[in-house]
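Accompanying notes for the structure given below.
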Amino acid sequence: IEYIVEEKGSKAIQGFDPTTNTIFTAFRGSSNIQNWIENIQVKKIAPYTNTSVEVEKGFYKAYNLIKHQIIENLDVLKNKYKTNQLFITGHSLGAAMGTLLGYDIVTTYTDYDIKHFVNFGSPRVGNREFAESFHTYNIPSFRITHYYDIVPHVPEEFLDYLHVSNEIWYNEENTEYKICD
């Protein structure tokens with residue numbers, strides 16, 4: 001670990017993984033239930049050039065607290081390790097922030113290449129246009145979910161929130177999984 005980035009409850013670690021030759025960014029999930037309640041606002045905002053692409057306001061706010069430092073660190077690590085290959089991961093709220101970083105990389109910081117994108121227990125991050133736009137970039141993406149985890153069920157679909165692809169869903173006993181698009 002070369003960097004620990006933290007601001008008002010949002011936290012990520014960054015460094016270099018010689019096994020995959022990637023720069024990793026791992027976002028921590030909510031540190032407590034109060035942190036989770038404060039971050040989920042179930043209100044969409046349109047922070048991108050394409051204003052039909054909307055994301056959950058609380059997730060974006062949490063991500064935006066540390067985004068600038070995350071991007072600065074990526075630049076330093078890219079120069080130090082001579083690679084633009086990224087591994088992005090996170091859990092729960094951290095998975096939502098990882099999804100937002102992934103989207104920023106493919107739409108704005110295009111000098112990077114996402115080699116691995118694996119999130120655990122991710123909530124739905126944005127609207128249909130966000131999910132469809134994310135999918136068009138062919139990010140090698142996996143969302144790991146578990147039968148008993150409530151977080152992947154919020155914010156609800158009827159509020160026009162959708163998941164990004166691809167889901168790896170584990171059953172109650174963790175004995176079987178299904179890959180869903």
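Just so we're on the same page: first chain in the structure tokens is A, next is B, and so on; residues restart at 1 for each chain, and ligands are numbered from 1 in the order they show up.
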
Exercise for the section: Find the residues near Pro47 of chain A: any atom within 10 Å, counting only C-alpha atoms, skip ones fewer than 5 places away on the same chain, and give them as number ranges by chain. Expected result: A: 52-55, 57, 60

With N, CA and C atoms retained, write the just-selected residues as a JSON list (two decimals), in the first residue's frame.
```json
[["chain", "number", "residue", "atom", "x", "y", "z"],
["A", 52, "SER", "N", -28.18, 12.98, -19.44],
["A", 52, "SER", "CA", -29.15, 11.89, -19.25],
["A", 52, "SER", "C", -28.56, 10.80, -18.37],
["A", 53, "VAL", "N", -27.24, 10.81, -18.17],
["A", 53, "VAL", "CA", -26.56, 9.86, -17.29],
["A", 53, "VAL", "C", -26.62, 10.41, -15.88],
["A", 54, "GLU", "N", -27.35, 9.68, -15.01],
["A", 54, "GLU", "CA", -27.53, 10.13, -13.63],
["A", 54, "GLU", "C", -27.03, 9.07, -12.66],
["A", 55, "VAL", "N", -26.53, 9.55, -11.52],
["A", 55, "VAL", "CA", -26.03, 8.66, -10.47],
["A", 55, "VAL", "C", -26.61, 9.10, -9.13],
["A", 57, "LYS", "N", -26.87, 10.57, -5.68],
["A", 57, "LYS", "CA", -26.18, 11.76, -5.16],
["A", 57, "LYS", "C", -25.24, 11.46, -4.00],
["A", 60, "TYR", "N", -22.08, 9.65, -5.15],
["A", 60, "TYR", "CA", -21.20, 10.57, -5.87],
["A", 60, "TYR", "C", -20.52, 11.54, -4.91]]
```

Exercise for the section: List every residue of segment 40-106 of chain A that DSSP, applied to the backbone of this structure, assigns to alpha helix (DSSP H), and report them as a VMD selection string. Expected result: chain A and resid 57 to 81 93 to 106

Resulting file, chosen residues, N, CA, C and O atoms, as a compact mmCIF listing (two decimals), in the first residue's frame:
```
# COMPACT_ATOMS: atom_id res chain seq x y z
N LYS A 57 -26.87 10.57 -5.68
CA LYS A 57 -26.18 11.76 -5.16
C LYS A 57 -25.24 11.46 -4.00
O LYS A 57 -24.12 11.97 -3.95
N GLY A 58 -25.67 10.64 -3.04
CA GLY A 58 -24.84 10.35 -1.87
C GLY A 58 -23.58 9.58 -2.22
O GLY A 58 -22.50 9.85 -1.69
N PHE A 59 -23.71 8.61 -3.15
CA PHE A 59 -22.53 7.85 -3.58
C PHE A 59 -21.53 8.77 -4.27
O PHE A 59 -20.33 8.71 -4.06
N TYR A 60 -22.08 9.65 -5.15
CA TYR A 60 -21.20 10.57 -5.87
C TYR A 60 -20.52 11.54 -4.91
O TYR A 60 -19.33 11.84 -5.04
N LYS A 61 -21.26 12.01 -3.92
CA LYS A 61 -20.70 12.93 -2.93
C LYS A 61 -19.56 12.26 -2.16
O LYS A 61 -18.49 12.86 -1.97
N ALA A 62 -19.77 11.01 -1.73
CA ALA A 62 -18.73 10.26 -1.00
C ALA A 62 -17.50 10.07 -1.88
O ALA A 62 -16.36 10.25 -1.43
N TYR A 63 -17.70 9.71 -3.14
CA TYR A 63 -16.60 9.51 -4.09
C TYR A 63 -15.87 10.82 -4.36
O TYR A 63 -14.63 10.89 -4.37
N ASN A 64 -16.63 11.87 -4.56
CA ASN A 64 -16.04 13.16 -4.92
C ASN A 64 -15.15 13.74 -3.82
O ASN A 64 -14.24 14.52 -4.11
N LEU A 65 -15.39 13.33 -2.57
CA LEU A 65 -14.54 13.78 -1.46
C LEU A 65 -13.07 13.37 -1.66
O LEU A 65 -12.16 14.07 -1.21
N ILE A 66 -12.84 12.22 -2.30
CA ILE A 66 -11.47 11.72 -2.44
C ILE A 66 -11.03 11.56 -3.90
O ILE A 66 -9.89 11.18 -4.17
N LYS A 67 -11.90 11.89 -4.82
CA LYS A 67 -11.60 11.70 -6.26
C LYS A 67 -10.31 12.41 -6.69
O LYS A 67 -9.46 11.79 -7.35
N HIS A 68 -10.18 13.66 -6.36
CA HIS A 68 -9.01 14.43 -6.82
C HIS A 68 -7.70 13.77 -6.38
O HIS A 68 -6.78 13.60 -7.18
N GLN A 69 -7.63 13.36 -5.11
CA GLN A 69 -6.42 12.72 -4.60
C GLN A 69 -6.19 11.36 -5.25
O GLN A 69 -5.06 10.98 -5.54
N ILE A 70 -7.27 10.61 -5.48
CA ILE A 70 -7.17 9.30 -6.14
C ILE A 70 -6.54 9.47 -7.52
O ILE A 70 -5.61 8.74 -7.89
N ILE A 71 -7.02 10.43 -8.29
CA ILE A 71 -6.52 10.65 -9.65
C ILE A 71 -5.06 11.13 -9.61
O ILE A 71 -4.23 10.66 -10.40
N GLU A 72 -4.73 12.03 -8.69
CA GLU A 72 -3.34 12.47 -8.55
C GLU A 72 -2.42 11.28 -8.24
O GLU A 72 -1.34 11.15 -8.81
N ASN A 73 -2.86 10.41 -7.34
CA ASN A 73 -2.05 9.24 -6.99
C ASN A 73 -1.89 8.30 -8.17
O ASN A 73 -0.82 7.70 -8.35
N LEU A 74 -2.94 8.13 -8.99
CA LEU A 74 -2.83 7.29 -10.18
C LEU A 74 -1.72 7.80 -11.09
O LEU A 74 -0.94 7.02 -11.63
N ASP A 75 -1.67 9.12 -11.26
CA ASP A 75 -0.62 9.71 -12.11
C ASP A 75 0.78 9.41 -11.57
O ASP A 75 1.68 9.04 -12.33
N VAL A 76 0.96 9.56 -10.27
CA VAL A 76 2.27 9.28 -9.65
C VAL A 76 2.63 7.80 -9.82
O VAL A 76 3.74 7.46 -10.22
N LEU A 77 1.67 6.92 -9.53
CA LEU A 77 1.92 5.48 -9.62
C LEU A 77 2.17 5.05 -11.07
O LEU A 77 3.01 4.17 -11.33
N LYS A 78 1.46 5.65 -12.02
CA LYS A 78 1.66 5.33 -13.43
C LYS A 78 3.10 5.64 -13.85
O LYS A 78 3.76 4.84 -14.51
N ASN A 79 3.60 6.79 -13.43
CA ASN A 79 4.97 7.17 -13.78
C ASN A 79 5.99 6.31 -13.05
O ASN A 79 7.01 5.93 -13.63
N LYS A 80 5.73 6.00 -11.80
CA LYS A 80 6.67 5.21 -11.00
C LYS A 80 6.79 3.78 -11.50
O LYS A 80 7.90 3.23 -11.58
N TYR A 81 5.66 3.16 -11.85
CA TYR A 81 5.67 1.74 -12.23
C TYR A 81 5.55 1.50 -13.73
O TYR A 81 5.51 0.36 -14.18
N LEU A 93 -20.64 0.49 -0.10
CA LEU A 93 -20.48 1.88 -0.55
C LEU A 93 -19.18 2.03 -1.35
O LEU A 93 -19.13 2.75 -2.34
N GLY A 94 -18.14 1.32 -0.94
CA GLY A 94 -16.87 1.36 -1.67
C GLY A 94 -17.00 0.80 -3.08
O GLY A 94 -16.30 1.24 -4.00
N ALA A 95 -17.90 -0.15 -3.28
CA ALA A 95 -18.15 -0.68 -4.62
C ALA A 95 -18.81 0.39 -5.49
O ALA A 95 -18.50 0.52 -6.68
N ALA A 96 -19.72 1.16 -4.90
CA ALA A 96 -20.34 2.26 -5.63
C ALA A 96 -19.29 3.30 -6.04
O ALA A 96 -19.25 3.76 -7.17
N MET A 97 -18.39 3.62 -5.10
CA MET A 97 -17.33 4.59 -5.43
C MET A 97 -16.38 4.02 -6.48
O MET A 97 -15.94 4.75 -7.38
N GLY A 98 -16.09 2.73 -6.41
CA GLY A 98 -15.26 2.09 -7.43
C GLY A 98 -15.91 2.15 -8.80
O GLY A 98 -15.24 2.36 -9.81
N THR A 99 -17.22 1.96 -8.85
CA THR A 99 -17.96 2.05 -10.11
C THR A 99 -17.85 3.45 -10.69
O THR A 99 -17.64 3.63 -11.89
N LEU A 100 -17.96 4.46 -9.83
CA LEU A 100 -17.84 5.84 -10.29
C LEU A 100 -16.43 6.13 -10.80
O LEU A 100 -16.25 6.81 -11.83
N LEU A 101 -15.41 5.60 -10.11
CA LEU A 101 -14.04 5.77 -10.61
C LEU A 101 -13.88 5.09 -11.97
O LEU A 101 -13.31 5.67 -12.90
N GLY A 102 -14.40 3.88 -12.09
CA GLY A 102 -14.32 3.16 -13.36
C GLY A 102 -14.95 3.97 -14.49
O GLY A 102 -14.39 4.07 -15.58
N TYR A 103 -16.11 4.56 -14.21
CA TYR A 103 -16.78 5.37 -15.23
C TYR A 103 -15.96 6.61 -15.57
O TYR A 103 -15.84 6.98 -16.75
N ASP A 104 -15.39 7.25 -14.56
CA ASP A 104 -14.53 8.40 -14.82
C ASP A 104 -13.32 8.02 -15.67
O ASP A 104 -12.90 8.79 -16.55
N ILE A 105 -12.75 6.86 -15.41
CA ILE A 105 -11.57 6.42 -16.17
C ILE A 105 -11.92 6.28 -17.65
O ILE A 105 -11.21 6.77 -18.52
N VAL A 106 -13.02 5.60 -17.97
CA VAL A 106 -13.35 5.35 -19.38
C VAL A 106 -13.91 6.57 -20.09
O VAL A 106 -13.84 6.64 -21.32
```

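One distance worth recording is that between atom CA of Ile23 of chain A and atom CA of Asn84 of chain A, which is 7.4 Å.
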
Practice task
List every residue of segment 78-181 of chain A that DSSP, applied to the backbone, labels as strand (DSSP E or B), and write the result as a ChimeraX atom specification.
Solution key: /A:85-91,113-120,126,141-146,162,167-170,177-180

Handout entry: Of the listed residues A:Thr175, A:Thr89, A:Thr83, A:Ser165, that which approaches Ala26 of chain A most closely, counting only C-alpha atoms
Key = A:Thr89

Fill in the blank from the handout: Counting only C-alpha atoms, the residue among A:Asp111, A:His163, A:Glu7, A:Ser30 that lies closest to Phe134 of chain A is A:His163

Handout entry: Shell of 7 Å around segment 14-21 of chain A, only C-alpha atoms, local chain residues under 4 positions omitted, as an NGL selection string
Key = :A and (1-4 or 25-26)

Exercise for the section: Provide the atom CA of Phe87 of chain A to atom CA of His116 of chain A distance in Å, to one decimal place. Expected result: 4.6 Å

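Separating atom CA of Gln85 of chain A from atom CA of Asp181 of chain A is a distance of 24.2 Å.
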
Completion exercise
Residue with the minimum atom-to-atom distance to Tyr112 of chain A, picked from A:Ile179, A:Phe27, A:Lys82, A:Asp160 with only C-alpha atoms counted, is A:Lys82

Completion exercise
The residue from A:Glu157, A:Leu162, A:Glu172, A:Thr108 with the smallest atom-to-atom distance to Thr49 of chain A, counting only C-alpha atoms, is A:Thr108

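Among the candidates A:Ile88, A:Asn119, A:Val5, A:Glu129, the residue lying nearest to Thr51 of chain A is A:Glu129 (atoms considered: only C-alpha atoms).
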
Problem - For Tyr177 of chain A, the nearest of the candidates A:Thr136, A:Val154, A:Val164, A:His146, counting only C-alpha atoms - result: A:His146
